[in-house]
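S.K.: Supplied in structure tokens, the structure appears directly below.
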Amino acid sequence: MRKTAVVTGASSGIGEATARRLAAEGYDVVAGARRRDRLGKLAAEVPSITPVTLDVTSQESVDALAAGLERCDVLVNNAGGALGLEQVADARLDDWQRMYDVNVLGSLRMTQALIPKLVESGDGVLVMLTSTAGHGAYEGGGGYVAAKHAQRTMAETLRLELVGQPVRIVEIAPGMVQTEGFAVTRFRGDEEAAARVYEGVPGPLTADDVADAIAWAVTRPAHVNIDRMVIRPRAQAAQH
Ligand code: NJP
């Protein structure tokens with residue numbers, strides 16, 4: 001019986017790389033995101049990937065995805081990102097609300113919708129994409145830092161609550177990863193400013209580096225729980 005993996009935010013960056021990587025590992029992958037055109041191209045390239053339009057901020061959208069699934073062995077809560085660079089004193093409330101809605105509540109909606117199927121699978125794995133930002137703080141990162149801390153503690157709480165159930169909880173916390181969308185969103189669509197983020201940073205991680213770690217963690221034997229992997233570019237050791 002082939003296993004099914006659901007990856008949120010699979011239309012670009014880490015989510016897309018993870019969808020490809022899990023498909024290569026033999027999973028049927030349900031790839032969710034809002035940009036259906038991008039998912040369609042991905043699915044045309046990789047037949048075991050099924051595109052599903054998904055907005056993790058909409059309960060209806062999350063429920064529709066869950067209702068269409070026969071099974072779910074792996075859930076990768078990857079959809080997310082940062083918005084804005086302001087210091088806490090100047091932060092915009094609507095940015096914080098948006099970051100919470102996508103990163104934190106989006107992961108919560110997906111988790112609540114799919115925990116029963118992960119349990120049913122007999123060896124479910126839930127991956128929470130946090131960040132090194134979820135393990136510290138940095139200036140101008142306030143809302144994102146807070147959201148990633150919340151996702152991290154959600155994963156830790158879930159792991160405690162699911163002791164005795166056949167579900168493993170894996171936290172993946174990357175440092176700087178050069179992806180298409182992350183910096184652009186953070187810089188509010190200013191692509192030139194976003195590109196400069198990676199200038200002078202020797203060897204940021206690639207989406208594939210993170211996807212490799214996710215695939216390794218979820219394919220461990222059922223008795224092995226990889227609690228957390230913190231993955232940094234070598235040059236970024238011990239910083240955010
Ligand atoms: O970014 P990007 P990454 N509903 O912008 C989707 C974390 N991280 O791959 O809906 C559903 O290329 C969006 O799809 P679409 C980061 O916090 C990153 O770098 O079509 N999906 C797209 O596929 C995040 O949790 C870095 O626009 C929604 C995807 O999310 C994860 O890695 C460092 C959505 C974002 O892809 C992936 O980010 C780190 C919604 N409402 C952690 N809103 C880094 N890049 O440096 C967005 O530590 N998406």
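Residues in the structure tokens are numbered from 1 in each chain, the chains being A, B, ... in the order shown, and ligands are numbered from 1 in the order shown.
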Please produce, as CSV, a per-residue contact table for chain A versus ligand 1 (criterion: any atom at most 6 Å away, only C-alpha atoms and all ligand atoms considered), showing the nearest atom pair and its distance in Å to one decimal, sorted by chain then residue number.
M.R.:
```
residue,atom,partner,partner_atom_place_in_ligand_line,distance
A:Thr8,CA,ligand 1,21 (N),5.8
A:Gly9,CA,ligand 1,23 (O),3.4
A:Ala10,CA,ligand 1,23 (O),4.6
A:Ser11,CA,ligand 1,23 (O),3.9
A:Ser12,CA,ligand 1,23 (O),4.3
A:Gly13,CA,ligand 1,9 (O),3.4
A:Ile14,CA,ligand 1,9 (O),3.8
A:Gly15,CA,ligand 1,9 (O),5.7
A:Ala33,CA,ligand 1,21 (N),4.0
A:Arg34,CA,ligand 1,10 (O),3.6
A:Arg35,CA,ligand 1,20 (O),3.7
A:Leu54,CA,ligand 1,11 (C),5.3
A:Asp55,CA,ligand 1,4 (N),3.4
A:Val56,CA,ligand 1,4 (N),4.0
A:Thr57,CA,ligand 1,41 (N),5.1
A:Asn78,CA,ligand 1,25 (O),4.6
A:Ala79,CA,ligand 1,30 (O),3.7
A:Gly80,CA,ligand 1,25 (O),3.6
A:Gly81,CA,ligand 1,17 (O),3.8
A:Val102,CA,ligand 1,41 (N),5.3
A:Leu129,CA,ligand 1,25 (O),5.4
A:Thr130,CA,ligand 1,42 (C),5.6
A:Ser131,CA,ligand 1,48 (O),3.3
A:Thr132,CA,ligand 1,48 (O),5.3
A:Ala173,CA,ligand 1,48 (O),5.7
A:Pro174,CA,ligand 1,48 (O),4.1
A:Gly175,CA,ligand 1,48 (O),4.4
A:Met176,CA,ligand 1,46 (O),3.8
A:Val177,CA,ligand 1,46 (O),3.7
A:Gln178,CA,ligand 1,45 (N),5.5
A:Thr179,CA,ligand 1,19 (O),4.9
A:Glu180,CA,ligand 1,12 (O),4.7
A:Gly181,CA,ligand 1,5 (O),3.2
A:Phe182,CA,ligand 1,5 (O),3.9
```
S.K.: Could you write out that same residue set with N, CA, C and O atoms as a compact mmCIF listing (two decimals), in the first residue's frame?
M.R.:
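The new file again.txt reads:
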```txt
# COMPACT_ATOMS: atom_id res chain seq x y z
N THR A 8 1.84 21.31 2.66
CA THR A 8 1.21 22.62 2.45
C THR A 8 2.27 23.61 1.95
O THR A 8 3.46 23.46 2.23
N GLY A 9 1.81 24.59 1.21
CA GLY A 9 2.76 25.56 0.64
C GLY A 9 3.70 24.90 -0.35
O GLY A 9 4.90 25.19 -0.39
N ALA A 10 3.12 24.02 -1.20
CA ALA A 10 3.96 23.23 -2.11
C ALA A 10 4.15 23.89 -3.47
O ALA A 10 4.69 23.28 -4.38
N SER A 11 3.72 25.14 -3.61
CA SER A 11 3.83 25.79 -4.93
C SER A 11 5.18 26.43 -5.16
O SER A 11 5.47 26.88 -6.27
N SER A 12 6.02 26.52 -4.13
CA SER A 12 7.37 27.08 -4.32
C SER A 12 8.26 26.67 -3.15
O SER A 12 7.79 26.08 -2.17
N GLY A 13 9.53 27.03 -3.27
CA GLY A 13 10.48 26.91 -2.16
C GLY A 13 10.56 25.53 -1.52
O GLY A 13 10.57 24.49 -2.18
N ILE A 14 10.61 25.55 -0.20
CA ILE A 14 10.82 24.32 0.57
C ILE A 14 9.68 23.32 0.36
O ILE A 14 9.90 22.12 0.25
N GLY A 15 8.45 23.83 0.27
CA GLY A 15 7.29 22.94 0.09
C GLY A 15 7.36 22.21 -1.24
O GLY A 15 7.12 20.99 -1.30
N ALA A 33 -1.63 24.53 -2.00
CA ALA A 33 -1.24 25.95 -1.96
C ALA A 33 -2.33 26.72 -2.70
O ALA A 33 -3.26 26.13 -3.26
N ARG A 34 -2.20 28.06 -2.67
CA ARG A 34 -3.21 28.86 -3.37
C ARG A 34 -2.94 28.95 -4.86
O ARG A 34 -3.86 29.02 -5.65
N ARG A 35 -1.68 28.96 -5.29
CA ARG A 35 -1.36 29.14 -6.71
C ARG A 35 -1.50 27.81 -7.46
O ARG A 35 -0.53 27.08 -7.65
N LEU A 54 -5.41 25.14 -1.89
CA LEU A 54 -5.52 25.17 -0.43
C LEU A 54 -5.13 26.54 0.09
O LEU A 54 -4.07 27.07 -0.26
N ASP A 55 -5.99 27.10 0.93
CA ASP A 55 -5.63 28.30 1.69
C ASP A 55 -5.71 27.92 3.16
O ASP A 55 -6.80 27.69 3.69
N VAL A 56 -4.56 27.85 3.82
CA VAL A 56 -4.56 27.36 5.20
C VAL A 56 -5.20 28.35 6.18
O VAL A 56 -5.44 28.02 7.34
N THR A 57 -5.51 29.55 5.70
CA THR A 57 -6.22 30.51 6.57
C THR A 57 -7.74 30.31 6.49
O THR A 57 -8.48 31.01 7.19
N ASN A 78 4.11 23.29 6.16
CA ASN A 78 5.19 24.15 5.65
C ASN A 78 4.70 25.55 5.26
O ASN A 78 5.49 26.50 5.31
N ALA A 79 3.43 25.69 4.89
CA ALA A 79 2.94 27.00 4.42
C ALA A 79 3.24 28.06 5.47
O ALA A 79 2.97 27.86 6.66
N GLY A 80 3.82 29.15 5.03
CA GLY A 80 4.13 30.20 6.00
C GLY A 80 5.07 31.23 5.42
O GLY A 80 5.39 31.20 4.23
N GLY A 81 5.49 32.12 6.27
CA GLY A 81 6.42 33.14 5.83
C GLY A 81 6.41 34.34 6.76
O GLY A 81 5.67 34.39 7.74
N VAL A 102 -1.43 32.49 9.06
CA VAL A 102 -0.85 31.52 8.12
C VAL A 102 0.04 30.50 8.87
O VAL A 102 -0.20 29.30 8.80
N LEU A 129 7.29 22.96 10.14
CA LEU A 129 8.37 23.80 9.61
C LEU A 129 8.45 25.06 10.45
O LEU A 129 7.62 25.96 10.30
N THR A 130 9.41 25.12 11.34
CA THR A 130 9.58 26.34 12.14
C THR A 130 10.75 27.11 11.56
O THR A 130 10.80 27.37 10.37
N SER A 131 11.70 27.46 12.39
CA SER A 131 12.82 28.29 11.93
C SER A 131 13.79 28.43 13.10
O SER A 131 13.40 28.25 14.27
N THR A 132 15.04 28.82 12.78
CA THR A 132 15.91 29.22 13.89
C THR A 132 15.29 30.44 14.59
O THR A 132 15.56 30.68 15.77
N ALA A 173 13.80 23.12 11.78
CA ALA A 173 14.09 24.54 12.02
C ALA A 173 15.28 24.99 11.19
O ALA A 173 16.43 24.84 11.61
N PRO A 174 15.02 25.54 10.00
CA PRO A 174 16.15 25.98 9.18
C PRO A 174 16.60 27.40 9.52
O PRO A 174 15.83 28.21 10.04
N GLY A 175 17.85 27.68 9.17
CA GLY A 175 18.33 29.06 9.16
C GLY A 175 17.97 29.67 7.82
O GLY A 175 16.92 29.38 7.26
N MET A 176 18.86 30.48 7.26
CA MET A 176 18.53 31.17 6.01
C MET A 176 18.52 30.21 4.82
O MET A 176 19.49 29.51 4.56
N VAL A 177 17.39 30.19 4.13
CA VAL A 177 17.24 29.34 2.95
C VAL A 177 16.92 30.26 1.77
O VAL A 177 15.99 31.07 1.85
N GLN A 178 17.67 30.12 0.69
CA GLN A 178 17.37 30.99 -0.46
C GLN A 178 16.21 30.39 -1.24
O GLN A 178 16.36 29.38 -1.94
N THR A 179 15.05 30.99 -1.09
CA THR A 179 13.86 30.52 -1.82
C THR A 179 13.29 31.71 -2.58
O THR A 179 13.63 32.86 -2.34
N GLU A 180 12.37 31.35 -3.45
CA GLU A 180 11.80 32.34 -4.34
C GLU A 180 10.98 33.39 -3.60
O GLU A 180 11.09 34.59 -3.86
N GLY A 181 10.18 32.94 -2.64
CA GLY A 181 9.17 33.84 -2.10
C GLY A 181 9.46 34.45 -0.75
O GLY A 181 8.98 35.54 -0.44
N PHE A 182 10.26 33.79 0.07
CA PHE A 182 10.35 34.16 1.49
C PHE A 182 10.77 35.62 1.68
O PHE A 182 10.09 36.41 2.33
```
S.K.: Which residues in region 3-238 of chain A does DSSP call strand (DSSP E or B)? List them as a PyMOL selection string.
M.R.: chain A and resi 4-8+28-33+49-53+74-77+124-129+167-174+177-178+205-206+228-231
S.K.: Could the residues in this selection be saved with C-alpha atoms as a PDB file, in the first residue's frame?
M.R.:
```
ATOM      1  CA  THR A   4       0.218   9.503   1.240  1.00  0.00           C
ATOM      2  CA  ALA A   5       1.981  12.704   2.245  1.00  0.00           C
ATOM      3  CA  VAL A   6       0.264  16.100   2.403  1.00  0.00           C
ATOM      4  CA  VAL A   7       2.559  19.103   1.914  1.00  0.00           C
ATOM      5  CA  THR A   8       1.213  22.620   2.450  1.00  0.00           C
ATOM      6  CA  ASP A  28       1.649   9.773  -3.214  1.00  0.00           C
ATOM      7  CA  VAL A  29       1.906  13.482  -2.499  1.00  0.00           C
ATOM      8  CA  VAL A  30      -1.007  15.856  -2.091  1.00  0.00           C
ATOM      9  CA  ALA A  31       0.454  19.281  -2.820  1.00  0.00           C
ATOM     10  CA  GLY A  32      -1.562  22.184  -1.416  1.00  0.00           C
ATOM     11  CA  ALA A  33      -1.236  25.946  -1.961  1.00  0.00           C
ATOM     12  CA  ILE A  49       1.827  14.547  -7.070  1.00  0.00           C
ATOM     13  CA  THR A  50      -1.818  15.622  -6.880  1.00  0.00           C
ATOM     14  CA  PRO A  51      -2.440  19.377  -6.858  1.00  0.00           C
ATOM     15  CA  VAL A  52      -5.053  20.732  -4.452  1.00  0.00           C
ATOM     16  CA  THR A  53      -6.009  24.371  -4.090  1.00  0.00           C
ATOM     17  CA  VAL A  74       2.657  12.330   6.578  1.00  0.00           C
ATOM     18  CA  LEU A  75       1.612  15.949   7.051  1.00  0.00           C
ATOM     19  CA  VAL A  76       4.165  18.667   6.366  1.00  0.00           C
ATOM     20  CA  ASN A  77       2.973  21.983   7.835  1.00  0.00           C
ATOM     21  CA  GLY A 124       1.786   8.964  11.117  1.00  0.00           C
ATOM     22  CA  VAL A 125       4.440  11.672  10.936  1.00  0.00           C
ATOM     23  CA  LEU A 126       3.677  15.347  11.406  1.00  0.00           C
ATOM     24  CA  VAL A 127       6.399  17.775  10.334  1.00  0.00           C
ATOM     25  CA  MET A 128       6.291  21.349  11.640  1.00  0.00           C
ATOM     26  CA  LEU A 129       8.366  23.804   9.609  1.00  0.00           C
ATOM     27  CA  VAL A 167       2.145   9.604  15.484  1.00  0.00           C
ATOM     28  CA  ARG A 168       5.632  11.095  15.440  1.00  0.00           C
ATOM     29  CA  ILE A 169       6.142  14.852  15.634  1.00  0.00           C
ATOM     30  CA  VAL A 170       9.192  16.299  13.884  1.00  0.00           C
ATOM     31  CA  GLU A 171      10.241  19.939  14.051  1.00  0.00           C
ATOM     32  CA  ILE A 172      12.414  21.223  11.209  1.00  0.00           C
ATOM     33  CA  ALA A 173      14.087  24.540  12.023  1.00  0.00           C
ATOM     34  CA  PRO A 174      16.150  25.982   9.183  1.00  0.00           C
ATOM     35  CA  VAL A 177      17.235  29.340   2.953  1.00  0.00           C
ATOM     36  CA  GLN A 178      17.372  30.985  -0.460  1.00  0.00           C
ATOM     37  CA  LEU A 205      20.756  26.743   2.356  1.00  0.00           C
ATOM     38  CA  THR A 206      18.764  25.609  -0.662  1.00  0.00           C
ATOM     39  CA  ARG A 228      13.989  18.424  15.995  1.00  0.00           C
ATOM     40  CA  MET A 229      16.516  19.224  13.315  1.00  0.00           C
ATOM     41  CA  VAL A 230      18.142  22.669  13.327  1.00  0.00           C
ATOM     42  CA  ILE A 231      19.776  23.232   9.949  1.00  0.00           C
TER      43      ILE A 231
END
```
S.K.: Report the residues of region 63-223 of chain A whose backbone DSSP state falls under alpha helix (DSSP H), written as a VMD selection string.
M.R.: chain A and resid 63 to 67 93 to 99 106 to 120 142 to 161 182 to 186 191 to 196 207 to 218
S.K.: Under the rule that only C-alpha atoms are counted, which of A:Gly122, A:Gly203, A:Gly142, A:Gly189 is the nearest residue to Arg234 (chain A)?
M.R.: A:Gly203
S.K.: Find the residue from A:Gly143, A:Leu162, A:Val224, A:Ala194 that sits nearest to Asp101 (chain A); use only C-alpha atoms when measuring.
M.R.: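 Residue with the minimum atom-to-atom distance to Asp101 (chain A): A:Gly143.
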